[in-house]
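Enquirer: The structure that follows is given in the form of structure tokens.
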Amino acid sequence: MTERMESEPILEVADLRKSYRTAGSASGSQKLVPALDGVSLVLHQSESLGIVGESGCGKSTLARCLVMLEHPDAGSVRYRGTEVTQARGADLRTVRGRIQMVFQDPFSSLNPRMTVRDAILEAVRVHRSAEPGEEDAFVSELLAMIGVPEAVAAKRPGRMSGGQRQRISLARAVAVRPEVLVADEIVSALDVSIQAQILNLLSDMRRRLGLSIVFISHDLAVVAQTTDRIAVMYLGRIVEEGPTARIFGNPRHPYTRALLASHPEPNDGGLSDVPPLVGEIPSIFDLPTGCRFRTRCAFATDECAGSEPVLGETRNGQSVACHVRPFDPGS
């Protein structure tokens, strides 16, 4: 772990912002809705970084911005020092070959009219990751790596299970030889027994191919077993970040503690007395002033309403955006 953290970042995100314009009302007015509001994070070589938070916090928007399926309004995404947000044409195609994404729904992410072989080779030919005479051998090698029979190459997605489809999605993503894999809720649509198989496959691919992974999930138990570090998101901002073991062992932000308390399996039981999350997530059309979590926080003060906290360094590599920080050592 120490060697990984001391390595040069492979992906750096700084002050990333993305808003969407709502459909016009009867009066014709529109409103900008912030999905990402100043997100910054770093991914190191061969590291797995988990992004967690409730639905609507901006996780999937972040994923799509990392691979430029969505273009951010402001901020920076740098891959090995190269600014991704400015890439166009051939440069953007090169970046997308280095940063690949696997989507949540394996039923819609594959073209139902293409065979598995054609789906994989489409990506291979665009990014020229195999010589023309070696394509069939390359597909066979990928299928063997993901643990499906070679006969599957001639099948179309409609004839496969959800687990098989997600395996094919992973194979197609790594077929272009990426260095970064963005996995957006890739097991949430699968049965629990199949989830474990896909997670084991992802771990094996990470080890064999040297992948760096951004792993997005709402399932804390899954994140606990698949990541080295975690960034916790709430309404478009990161509220806590640090090594996975430390976040689960000693969460500092009240929101993180409430999330873990509501999913007791990943932690050691030390949060059994933490009250569960109360109230509804504030509307993105009417965000609270100051700290966005204050309307659901038992420790909120006047300062929390007056200004938004910034992500500051604490101990043991953990950062937390909280004015009160009641769970910091020595506080």
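Chain labels A, B, ... are given in the sequence in which chains occur in the structure tokens; within each chain residues are numbered consecutively from 1, and ligands are likewise numbered from 1 in the order shown.
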Fewer than 6 positions away in the same chain doesn't count, so skip those; otherwise give me all residues within 12 Å of Met205 (chain A), counting only C-alpha atoms, as a count of residues only.

Expert: 22

Enquirer: Based on the backbone DSSP call, show me all residues of region 167-196 of chain A assigned alpha helix (DSSP H), as a list in words.

Expert: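 Taking region 167-196 of chain A and keeping alpha helix (DSSP H) gives Arg167, Ile168, Ser169, Leu170, Ala171, Arg172, Ala173, Val174, Val192, Ser193, Ile194, Gln195 and Ala196 of chain A.
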
Enquirer: Write out the residues from the selection above, keeping N, CA and C atoms, as a tab-separated table (two decimals), in the first residue's frame.

Expert:
```tsv
chain	number	residue	atom	x	y	z
A	167	ARG	N	-19.33	-10.10	-17.79
A	167	ARG	CA	-18.00	-10.62	-18.10
A	167	ARG	C	-17.55	-10.15	-19.49
A	168	ILE	N	-18.48	-10.22	-20.45
A	168	ILE	CA	-18.16	-9.77	-21.80
A	168	ILE	C	-17.88	-8.26	-21.81
A	169	SER	N	-18.64	-7.50	-21.03
A	169	SER	CA	-18.41	-6.05	-20.94
A	169	SER	C	-17.02	-5.76	-20.41
A	170	LEU	N	-16.59	-6.53	-19.41
A	170	LEU	CA	-15.24	-6.37	-18.88
A	170	LEU	C	-14.19	-6.74	-19.93
A	171	ALA	N	-14.44	-7.82	-20.65
A	171	ALA	CA	-13.49	-8.24	-21.68
A	171	ALA	C	-13.37	-7.18	-22.77
A	172	ARG	N	-14.49	-6.62	-23.19
A	172	ARG	CA	-14.47	-5.58	-24.22
A	172	ARG	C	-13.71	-4.35	-23.74
A	173	ALA	N	-13.88	-4.00	-22.44
A	173	ALA	CA	-13.19	-2.83	-21.91
A	173	ALA	C	-11.68	-3.03	-21.88
A	174	VAL	N	-11.22	-4.19	-21.44
A	174	VAL	CA	-9.77	-4.40	-21.34
A	174	VAL	C	-9.15	-4.80	-22.67
A	192	VAL	N	-26.67	-11.90	-5.95
A	192	VAL	CA	-25.56	-11.86	-5.00
A	192	VAL	C	-24.50	-12.91	-5.33
A	193	SER	N	-24.91	-14.11	-5.68
A	193	SER	CA	-23.94	-15.16	-5.99
A	193	SER	C	-23.10	-14.80	-7.22
A	194	ILE	N	-23.72	-14.15	-8.18
A	194	ILE	CA	-22.99	-13.74	-9.39
A	194	ILE	C	-22.10	-12.54	-9.09
A	195	GLN	N	-22.54	-11.65	-8.19
A	195	GLN	CA	-21.73	-10.50	-7.81
A	195	GLN	C	-20.33	-10.93	-7.36
A	196	ALA	N	-20.27	-11.93	-6.50
A	196	ALA	CA	-18.99	-12.39	-5.98
A	196	ALA	C	-18.08	-12.87	-7.10
```

Enquirer: Please produce, as a tab-separated table, a per-residue contact table for region 111-228 of chain A versus region 255-265 of chain A (criterion: any atom at most 10 Å away, only C-alpha atoms considered), showing the nearest atom pair and its distance in Å to one decimal, sorted by chain then residue number.

Expert:
```
residue	atom	partner	partner_atom	distance
A:His218	CA	A:Leu259	CA	9.8
A:Asp219	CA	A:His263	CA	8.5
A:Leu220	CA	A:His263	CA	7.0
A:Ala221	CA	A:Glu265	CA	6.5
A:Ala224	CA	A:Glu265	CA	9.7
```

Enquirer: I need the residues from that last selection saved to file as a PDB file, in the first residue's frame (with N, CA and C atoms), if you can.

Expert:
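What follows is the written file selection.pdb:
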```pdb
ATOM      1  N   HIS A 218     -22.887   1.876  -4.356  1.00  0.00           N
ATOM      2  CA  HIS A 218     -23.607   2.271  -3.151  1.00  0.00           C
ATOM      3  C   HIS A 218     -23.516   1.178  -2.099  1.00  0.00           C
ATOM      4  N   ASP A 219     -22.956   0.020  -2.455  1.00  0.00           N
ATOM      5  CA  ASP A 219     -22.883  -1.129  -1.568  1.00  0.00           C
ATOM      6  C   ASP A 219     -21.567  -1.083  -0.790  1.00  0.00           C
ATOM      7  N   LEU A 220     -21.648  -0.734   0.485  1.00  0.00           N
ATOM      8  CA  LEU A 220     -20.443  -0.551   1.293  1.00  0.00           C
ATOM      9  C   LEU A 220     -19.692  -1.862   1.517  1.00  0.00           C
ATOM     10  N   ALA A 221     -20.411  -2.970   1.620  1.00  0.00           N
ATOM     11  CA  ALA A 221     -19.743  -4.259   1.801  1.00  0.00           C
ATOM     12  C   ALA A 221     -18.870  -4.586   0.595  1.00  0.00           C
ATOM     13  N   ALA A 224     -15.786  -2.288   0.601  1.00  0.00           N
ATOM     14  CA  ALA A 224     -14.824  -2.666   1.636  1.00  0.00           C
ATOM     15  C   ALA A 224     -13.857  -3.733   1.152  1.00  0.00           C
TER      16      ALA A 224
END
```

Enquirer: For Ile281 (chain A), list every protein, DNA or RNA residue within 10 Å, evaluated using only C-alpha atoms, and leave out those in the same chain fewer than 6 positions away; present the list as a PyMOL selection string.

Expert: chain A and resi 54-57+234-235+287+292-293+295-296

Enquirer: Could you write those residues out with C-alpha atoms, as a JSON list (two decimals), in the first residue's frame?

Expert:
```json
[["chain", "number", "residue", "atom", "x", "y", "z"],
["A", 54, "GLU", "CA", -26.49, 7.68, -1.73],
["A", 55, "SER", "CA", -28.30, 7.77, -5.06],
["A", 56, "GLY", "CA", -28.19, 11.22, -6.62],
["A", 57, "CYS", "CA", -24.90, 12.28, -5.06],
["A", 234, "TYR", "CA", -22.83, 13.87, -0.73],
["A", 235, "LEU", "CA", -24.81, 16.10, -3.09],
["A", 287, "LEU", "CA", -29.64, 23.16, -1.50],
["A", 292, "ARG", "CA", -25.13, 20.48, 2.61],
["A", 293, "PHE", "CA", -25.40, 17.76, 5.23],
["A", 295, "THR", "CA", -30.09, 19.51, 7.74],
["A", 296, "ARG", "CA", -29.55, 15.84, 8.60]]
```

Enquirer: My list of candidates is A:Lys31, A:His44, A:His253, A:Arg206. Which is closest to Cys291 (chain A) when distances are computed with only C-alpha atoms?

Expert: A:His253

Enquirer: To one decimal place, how far is CA of Val320 (chain A) from CA of Leu49 (chain A) in Å?

Expert: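 So the answer is 16.4 Å.
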
Enquirer: Using only C-alpha atoms, find the one residue out of A:Arg252, A:Arg159, A:Arg246, A:Arg237 that sits nearest to Ile51 (chain A).

Expert: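 Going through A:Arg252, A:Arg159, A:Arg246, A:Arg237 one by one, the smallest distance to Ile51 (chain A) is for A:Arg237.
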
Enquirer: Could you list, as an NGL selection string, every residue within 12 Å of Glu308 (chain A), counting only C-alpha atoms and ignoring same-chain residues fewer than 3 positions away?

Expert: :A and (37-38 or 237-239 or 287-294 or 300-305 or 311 or 321-324)

Enquirer: Name the residues of region 238-269 of chain A that fall into strand (DSSP E or B) according to DSSP on the backbone, using the chain letters and numbers of this document, as a list in words.

Expert: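 Residues meeting the strand (DSSP E or B) criterion: Ile238, Val239, Glu240, Glu241, Gly242 and Pro243 of chain A.
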
Enquirer: For the selection just defined, write its residues with C-alpha atoms to a file, as a CSV table (one decimal), in the first residue's frame.

Expert:
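Saved result, out_6.csv, follows:
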```csv
chain,number,residue,atom,x,y,z
A,238,ILE,CA,-16.6,14.8,-1.5
A,239,VAL,CA,-17.1,15.0,2.3
A,240,GLU,CA,-14.5,12.4,3.4
A,241,GLU,CA,-11.6,10.6,1.7
A,242,GLY,CA,-8.9,8.2,3.0
A,243,PRO,CA,-7.6,4.6,3.1
```

Enquirer: So, counting only C-alpha atoms, which residue among A:Pro9, A:Pro282, A:Gly58, A:Gly158 is closest to Tyr79 (chain A)?

Expert: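 Nearest to Tyr79 (chain A): A:Pro9.
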
Enquirer: Please determine, counting only C-alpha atoms, which residue among A:Asp15, A:Asp118, A:Glu313, A:Asp191 has the shortest atom-to-atom distance to Arg78 (chain A).

Expert: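 Among the listed residues, A:Asp15 lies closest to Arg78 (chain A).
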
Enquirer: Show me, as a ChimeraX atom specification, the residues that have an atom within 9 Å of Val42 (chain A) when counting only C-alpha atoms, minus same-chain residues fewer than 3 positions from it.

Expert: /A:9-14,49

Enquirer: Determine the nearest neighbour of Asn250 (chain A) from the options A:Val176, A:Phe327, A:Glu83, A:Leu66, counting only C-alpha atoms.

Expert: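 When distances to Asn250 (chain A) are compared using only C-alpha atoms, the smallest one comes from A:Phe327.
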
Enquirer: To one decimal place in Å, what is the distance between CA of Leu143 (chain A) and CA of Asn200 (chain A)?

Expert: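 Between these atoms lies a distance of 15.6 Å.
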